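Asks: input_11.txt is reproduced below (compact mmCIF, C-alpha atoms).
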# COMPACT_ATOMS: atom_id res chain seq x y z
CA MET A 225 113.60 105.08 79.92
CA ASN A 226 116.06 107.01 82.03
CA SER A 227 115.62 106.00 85.65
CA GLU A 228 118.26 108.46 86.89
CA HIS A 229 115.71 110.66 88.62
CA ASN A 230 112.63 108.45 88.63
CA THR A 231 110.85 108.79 91.94
CA ASP A 232 107.92 106.42 91.33
CA LEU A 233 109.84 103.15 91.10
CA PRO A 234 108.67 100.26 93.31
CA ALA A 235 110.55 99.46 96.51
CA ALA A 236 112.84 96.43 96.46
CA SER A 237 111.68 93.23 98.13
CA LEU A 238 113.65 91.38 100.77
CA LEU A 239 114.47 88.50 98.42
CA ARG A 240 115.80 90.80 95.70
CA ARG A 241 117.95 92.63 98.23
CA LEU A 242 119.34 89.38 99.60
CA GLY A 243 120.06 88.12 96.08
CA ALA A 244 121.97 91.28 95.19
CA PHE A 245 123.80 91.18 98.52
CA ALA A 246 124.88 87.58 97.92
CA TYR A 247 126.46 88.63 94.60
CA ASP A 248 128.16 91.60 96.22
CA ILE A 249 129.57 89.56 99.10
CA LEU A 250 131.16 87.14 96.63
CA LEU A 251 132.72 90.09 94.77
CA LEU A 252 133.86 91.68 98.02
CA MET A 253 135.46 88.41 99.17
CA ALA A 254 137.43 88.25 95.91
CA LEU A 255 138.51 91.87 96.40
CA ILE A 256 139.62 91.09 99.97
CA VAL A 257 141.73 88.18 98.73
CA ILE A 258 143.40 90.48 96.20
CA ALA A 259 143.88 93.11 98.92
CA GLY A 260 145.56 90.47 101.08
CA PHE A 261 148.03 89.72 98.29
CA ILE A 262 148.69 93.44 97.84
CA ALA A 263 149.39 93.75 101.59
CA LEU A 264 151.88 90.84 101.65
CA PRO A 265 154.98 92.95 100.93
CA PHE A 266 154.00 95.27 103.80
CA MET A 267 153.68 92.30 106.13
CA GLY A 268 157.15 90.98 105.40
CA GLY A 269 155.77 88.33 103.07
CA GLU A 270 153.77 86.72 105.86
CA ALA A 271 150.01 86.37 106.09
CA ALA A 272 148.45 89.14 108.16
CA ASP A 273 147.51 88.36 111.72
CA THR A 274 143.71 88.52 111.92
CA GLY A 275 144.05 90.65 115.04
CA ASN A 276 146.28 93.22 113.33
CA PRO A 277 144.39 96.52 113.71
CA TYR A 278 146.11 98.07 110.68
CA PHE A 279 145.10 95.20 108.43
CA GLN A 280 141.55 95.20 109.82
CA THR A 281 141.29 98.95 109.21
CA TYR A 282 142.64 98.48 105.69
CA LEU A 283 139.97 95.84 104.93
CA PHE A 284 137.24 97.91 106.58
CA ILE A 285 138.09 100.99 104.49
CA LEU A 286 138.34 98.83 101.38
CA SER A 287 134.90 97.34 102.05
CA TYR A 288 133.38 100.77 102.62
CA ALA A 289 135.03 102.12 99.46
CA PHE A 290 133.71 99.16 97.45
CA PHE A 291 130.09 99.81 98.38
CA ALA A 292 130.24 103.61 98.63
CA TRP A 293 131.90 104.06 95.24
CA PHE A 294 129.11 102.15 93.52
CA TRP A 295 126.30 103.70 95.59
CA THR A 296 127.49 107.28 95.04
CA ARG A 297 128.40 106.80 91.38
CA ASP A 298 125.17 105.42 89.93
CA GLY A 299 123.38 103.89 92.91
CA GLN A 300 124.16 100.30 91.95
CA THR A 301 126.73 97.77 93.05
CA LEU A 302 127.39 94.96 90.59
CA GLY A 303 124.99 92.70 92.49
CA MET A 304 122.34 95.41 92.49
CA ARG A 305 122.81 95.83 88.74
CA ALA A 306 122.22 92.09 88.21
CA TRP A 307 119.01 92.26 90.27
CA ARG A 308 117.95 95.64 88.76
CA LEU A 309 118.12 97.46 92.10
CA ARG A 310 119.24 100.99 92.82
CA VAL A 311 119.80 102.88 96.06
CA GLN A 312 118.68 106.47 95.75
CA ASN A 313 117.35 109.49 97.56
CA GLU A 314 113.65 110.24 97.66
CA ASP A 315 114.05 112.60 94.68
CA GLY A 316 115.74 109.85 92.62
CA SER A 317 119.27 111.25 92.90
CA THR A 318 122.27 109.19 93.96
CA ILE A 319 123.23 109.18 97.60
CA SER A 320 126.14 111.16 99.02
CA TRP A 321 129.36 109.77 100.51
CA SER A 322 128.11 110.63 104.00
CA GLN A 323 124.85 108.77 103.35
CA ALA A 324 126.88 105.84 102.03
CA LEU A 325 128.92 105.87 105.24
CA LEU A 326 125.78 105.87 107.39
CA ARG A 327 124.27 103.07 105.29
CA PHE A 328 127.49 101.04 105.44
CA MET A 329 127.89 101.51 109.20
CA ALA A 330 124.29 100.45 109.83
CA GLY A 331 124.90 97.36 107.72
CA VAL A 332 128.15 96.59 109.55
CA ALA A 333 126.39 96.94 112.90
CA SER A 334 123.69 94.56 111.72
CA PHE A 335 126.20 91.96 110.55
CA ALA A 336 128.28 92.38 113.71
CA LEU A 337 125.27 90.93 115.48
CA ILE A 338 125.81 87.66 113.60
CA GLY A 339 129.37 87.41 114.89
CA ALA A 340 128.39 88.37 118.41
CA GLY A 341 125.53 85.89 118.33
CA VAL A 342 127.74 83.04 117.15
CA TYR A 343 130.43 83.89 119.70
CA PHE A 344 128.04 84.04 122.66
CA ILE A 345 126.13 80.93 121.62
CA ILE A 346 129.25 78.81 121.02
CA LYS A 347 131.26 80.04 124.00
CA ASN A 348 128.51 79.72 126.62
CA GLU A 349 126.35 76.95 127.95
CA THR A 350 122.64 77.09 127.33
CA ASN A 351 120.50 78.87 129.92
CA THR A 352 123.22 81.41 130.71
CA PRO A 353 122.77 85.17 130.25
CA LEU A 354 125.49 85.39 127.58
CA TYR A 355 123.93 82.50 125.62
CA PHE A 356 120.63 84.37 125.59
CA LEU A 357 122.50 87.53 124.58
CA GLY A 358 123.72 85.58 121.55
CA ILE A 359 120.16 84.55 120.73
CA ALA A 360 119.02 88.16 121.16
CA ALA A 361 121.75 89.34 118.76
CA TRP A 362 120.46 86.93 116.10
CA VAL A 363 116.89 88.08 116.67
CA VAL A 364 117.82 91.76 116.24
CA PHE A 365 119.78 90.89 113.07
CA ALA A 366 116.79 88.99 111.67
CA VAL A 367 114.34 91.76 112.61
CA ASN A 368 116.51 94.29 110.76
CA PHE A 369 116.00 92.42 107.51
CA LEU A 370 112.49 91.19 108.19
CA TRP A 371 111.52 94.80 108.92
CA ILE A 372 111.28 95.26 105.15
CA LEU A 373 108.29 92.89 105.18
CA VAL A 374 106.31 95.02 107.66
CA ASP A 375 107.48 98.52 106.77
CA LYS A 376 104.85 100.27 104.65
CA GLU A 377 107.61 101.71 102.41
CA LYS A 378 109.66 98.45 102.43
CA LEU A 379 112.62 100.24 104.01
CA ALA A 380 115.26 98.44 106.04
CA TRP A 381 116.79 100.11 109.07
CA GLN A 382 119.89 101.10 107.08
CA ASP A 383 117.60 102.81 104.54
CA ARG A 384 115.91 104.86 107.24
CA PHE A 385 119.20 105.57 109.01
CA SER A 386 120.80 106.92 105.82
CA ASN A 387 117.60 108.56 104.50
CA CYS A 388 117.47 106.68 101.19
CA LYS A 389 115.64 103.76 99.60
CA VAL A 390 116.30 100.77 97.38
CA VAL A 391 114.10 100.56 94.29
CA VAL A 392 113.55 98.09 91.47
CA LEU A 393 114.45 99.42 88.05
CA PRO A 394 112.26 98.61 85.05
CA LYS A 395 113.34 95.95 82.58
CA LEU A 396 115.14 97.34 79.58
CA ASP A 397 113.42 96.70 76.30
CA LYS A 398 115.97 94.70 74.28
CA LYS A 399 113.79 94.26 71.19
CA PRO A 400 115.24 95.82 68.03
CA LYS A 401 113.30 98.84 66.82
When written as structure tokens, how does the structure in this file appear?
Replies:
Amino acid sequence: MNSEHNTDLPAASLLRRLGAFAYDILLLMALIVIAGFIALPFMGGEAADTGNPYFQTYLFILSYAFFAWFWTRDGQTLGMRAWRLRVQNEDGSTISWSQALLRFMAGVASFALIGAGVYFIIKNETNTPLYFLGIAAWVVFAVNFLWILVDKEKLAWQDRFSNCKVVVLPKLDKKPK
């Protein structure tokens, strides 16, 4: 069955999405390590300063390219392939590079809330406004993912923001004919 333009596939569950994302993060971390080694000659053989805006931009673009290349090519990252997920437009076609950018940026904003939450919680005493801001950041991050559980179409905010959806592909029949 060719699922290239199948529009009646079921929406992906939260657990499937998180499973695929866990795979992809491990792959992305490996890619970032390799990218760090590639950057060494440009850094005079020294490890990059984490505050270096050029290095941060390099890793940001690399991360976007990693996800966007897979999403725009066949709608599946390697983690999504393992979990039989595909990101696609409503008509079943693959998403565009601009949709991939919107999807990526929405995801980055969501995960930035984790960092902000940790920073404000660790750096501030309890019962201070910034501590509660950290708690609020975690709540918004959680709601973004838990939204899938209450949304009638099982869409996360990044799906709505980029006007696409994540679907579950059917199992391939591996029996010999």
Asks: If I take atom CA of Gly331 of chain A and atom CA of Leu255 of chain A, how far is one from the other in Å, to one decimal?
Replies: 18.5 Å
Asks: Let me make sure I understand: among A:Leu238, A:Ser322, A:Ala254, A:Lys398, which one has the smallest atom-to-atom distance to Asn368 of chain A if we use only C-alpha atoms?
Replies: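 Smallest distance to Asn368 of chain A is found for A:Leu238.
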Asks: Could you check the closest approach to Ile285 of chain A for each of A:Phe344, A:Phe328, A:Phe266, A:Phe245 and tell me which residue wins, using only C-alpha atoms?
Replies: A:Phe328
Asks: Between atom CA of Leu252 of chain A and atom CA of Arg305 of chain A, what is the distance in Å, rounded to a tenth?
Replies: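 Here the two named atoms are 15.0 Å from each other.
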Asks: For segment 306-362 of chain A against segment 374-396 of chain A, with a cut-off of 7 Å and counting all atoms listed in the file, what is the closest atom pair and its distance in Å to one decimal for every residue that makes the cut, ordered by chain and number, as CSV?
Replies:
residue,atom,partner,partner_atom,distance
A:Arg308,CA,A:Leu393,CA,5.2
A:Leu309,CA,A:Val392,CA,4.7
A:Arg310,CA,A:Val391,CA,5.4
A:Val311,CA,A:Val390,CA,4.3
A:Gln312,CA,A:Cys388,CA,5.6
A:Asn313,CA,A:Cys388,CA,4.6
A:Glu314,CA,A:Cys388,CA,6.3
A:Gln323,CA,A:Ser386,CA,5.1
A:Leu326,CA,A:Ser386,CA,5.3
A:Arg327,CA,A:Gln382,CA,5.1
A:Ala330,CA,A:Gln382,CA,5.2
A:Gly331,CA,A:Gln382,CA,6.3
Asks: Give me, as a PyMOL selection string, all polymer residues having an atom no more than 7 Å from Ala244 of chain A, counting only C-alpha atoms and skipping those fewer than 2 positions away in the same chain.
Replies: chain A and resi 240-242+246-248+303-304+307
Asks: Residues near Ala272 of chain A, anyone? I mean within 8 Å using all atoms listed in the file, not counting same-chain ones fewer than 6 positions away, as a PyMOL selection string.
Replies: chain A and resi 260+264+279
Asks: So, with all atoms listed in the file as the atoms that count, which of A:Ala292, A:Ile372, A:Leu325, A:Ala263 lies closest to Tyr278 of chain A?
Replies: A:Ala263
Asks: Using all atoms listed in the file, which protein or nucleic acid residues come within 12 Å of Ala360 of chain A? Drop anything in the same chain fewer than 6 positions from it, and give the result as a list in words.
Replies: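 In the requested format, the answer is Leu337, Ile338, Ala340, Gly341, Val342, Phe344, Ile345, Pro353, Leu354, Ala366 and Val367 of chain A.
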Asks: Could you give me the axis-aligned bounding box of segment 336-341 of chain A, with 6 Å of padding per side, as centre plus edge lengths in Å to one decimal, as AutoDock Vina command-line options?
Replies:
--center_x 127.3 --center_y 89.1 --center_z 116.0 --size_x 16.1 --size_y 18.5 --size_z 16.8
Asks: Can you pull out the residues contacting Trp293 of chain A? Cut-off 12 Å, using only C-alpha atoms, and skip same-chain residues under 4 positions away; I want them as a list in words.
Replies: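 Here the answer would be Ile285, Leu286, Ser287, Tyr288, Ala289, Arg297, Asp298, Gly299, Gln300, Thr301, Leu302, Thr318, Ile319, Ser320, Trp321, Ser322, Gln323, Ala324, Leu325 and Phe328 of chain A.
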Asks: Using atom CA of Ala336 of chain A and atom CA of Phe369 of chain A as the two end points, give the distance in Å to one decimal.
Replies: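 Separating atom CA of Ala336 of chain A from atom CA of Phe369 of chain A is a distance of 13.8 Å.
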Asks: Of the residues A:Thr352, A:Asp315, A:Gly358, A:Gly339, which is the one nearest to Thr231 of chain A, using only C-alpha atoms?
Replies: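 Ranking A:Thr352, A:Asp315, A:Gly358, A:Gly339 by distance to Thr231 of chain A, first place goes to A:Asp315.
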Asks: Of the candidates A:Tyr282, A:Asn230, A:Val364, A:Phe290, which shows the shortest atom-to-atom distance to Ala333 of chain A, using all atoms listed in the file?
Replies: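 Looking at the shortest contact to Ala333 of chain A, the residue is A:Val364.
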Asks: With N, CA and C atoms as the goal, would you fill in the gaps in segment 318-343 of chain A and present it as a short mmCIF file (atom, residue, chain, number, x, y, z; two decimals), keeping the file's coordinate frame?
Replies:
data_model
loop_
_atom_site.label_atom_id
_atom_site.label_comp_id
_atom_site.auth_asym_id
_atom_site.auth_seq_id
_atom_site.Cartn_x
_atom_site.Cartn_y
_atom_site.Cartn_z
N THR A 318 121.38 110.12 93.27
CA THR A 318 122.27 109.19 93.96
C THR A 318 122.58 109.72 95.36
N ILE A 319 122.95 108.79 96.22
CA ILE A 319 123.23 109.18 97.60
C ILE A 319 124.63 109.78 97.72
N SER A 320 124.86 110.51 98.78
CA SER A 320 126.14 111.16 99.02
C SER A 320 127.10 110.19 99.72
N TRP A 321 128.37 110.59 99.80
CA TRP A 321 129.36 109.77 100.51
C TRP A 321 129.02 109.65 101.99
N SER A 322 128.47 110.71 102.58
CA SER A 322 128.11 110.63 104.00
C SER A 322 126.91 109.69 104.19
N GLN A 323 125.96 109.71 103.27
CA GLN A 323 124.85 108.77 103.35
C GLN A 323 125.35 107.33 103.17
N ALA A 324 126.31 107.17 102.25
CA ALA A 324 126.88 105.84 102.03
C ALA A 324 127.58 105.35 103.29
N LEU A 325 128.26 106.25 103.99
CA LEU A 325 128.92 105.87 105.24
C LEU A 325 127.90 105.46 106.29
N LEU A 326 126.83 106.23 106.43
CA LEU A 326 125.78 105.87 107.39
C LEU A 326 125.15 104.53 107.03
N ARG A 327 124.87 104.32 105.76
CA ARG A 327 124.27 103.07 105.29
C ARG A 327 125.22 101.90 105.55
N PHE A 328 126.50 102.09 105.24
CA PHE A 328 127.49 101.04 105.44
C PHE A 328 127.63 100.71 106.93
N MET A 329 127.73 101.74 107.76
CA MET A 329 127.89 101.51 109.20
C MET A 329 126.68 100.79 109.81
N ALA A 330 125.49 101.15 109.34
CA ALA A 330 124.29 100.45 109.83
C ALA A 330 124.32 98.99 109.40
N GLY A 331 124.77 98.74 108.19
CA GLY A 331 124.90 97.36 107.72
C GLY A 331 125.95 96.59 108.50
N VAL A 332 127.09 97.23 108.77
CA VAL A 332 128.15 96.59 109.55
C VAL A 332 127.64 96.26 110.95
N ALA A 333 126.93 97.19 111.57
CA ALA A 333 126.39 96.94 112.90
C ALA A 333 125.44 95.75 112.88
N SER A 334 124.63 95.68 111.84
CA SER A 334 123.69 94.56 111.72
C SER A 334 124.44 93.24 111.60
N PHE A 335 125.46 93.21 110.74
CA PHE A 335 126.20 91.96 110.55
C PHE A 335 127.12 91.64 111.72
N ALA A 336 127.50 92.65 112.50
CA ALA A 336 128.28 92.38 113.71
C ALA A 336 127.45 91.56 114.69
N LEU A 337 126.15 91.71 114.61
CA LEU A 337 125.27 90.93 115.48
C LEU A 337 125.39 89.43 115.19
N ILE A 338 125.63 89.08 113.93
CA ILE A 338 125.81 87.66 113.60
C ILE A 338 127.03 87.12 114.34
N GLY A 339 128.14 87.84 114.22
CA GLY A 339 129.37 87.41 114.89
C GLY A 339 129.22 87.34 116.39
N ALA A 340 128.61 88.37 116.96
CA ALA A 340 128.39 88.37 118.41
C ALA A 340 127.49 87.21 118.81
N GLY A 341 126.45 86.99 118.03
CA GLY A 341 125.53 85.89 118.33
C GLY A 341 126.23 84.55 118.30
N VAL A 342 127.01 84.31 117.26
CA VAL A 342 127.74 83.04 117.15
C VAL A 342 128.71 82.89 118.32
N TYR A 343 129.45 83.96 118.61
CA TYR A 343 130.43 83.89 119.70
C TYR A 343 129.75 83.55 121.03
#
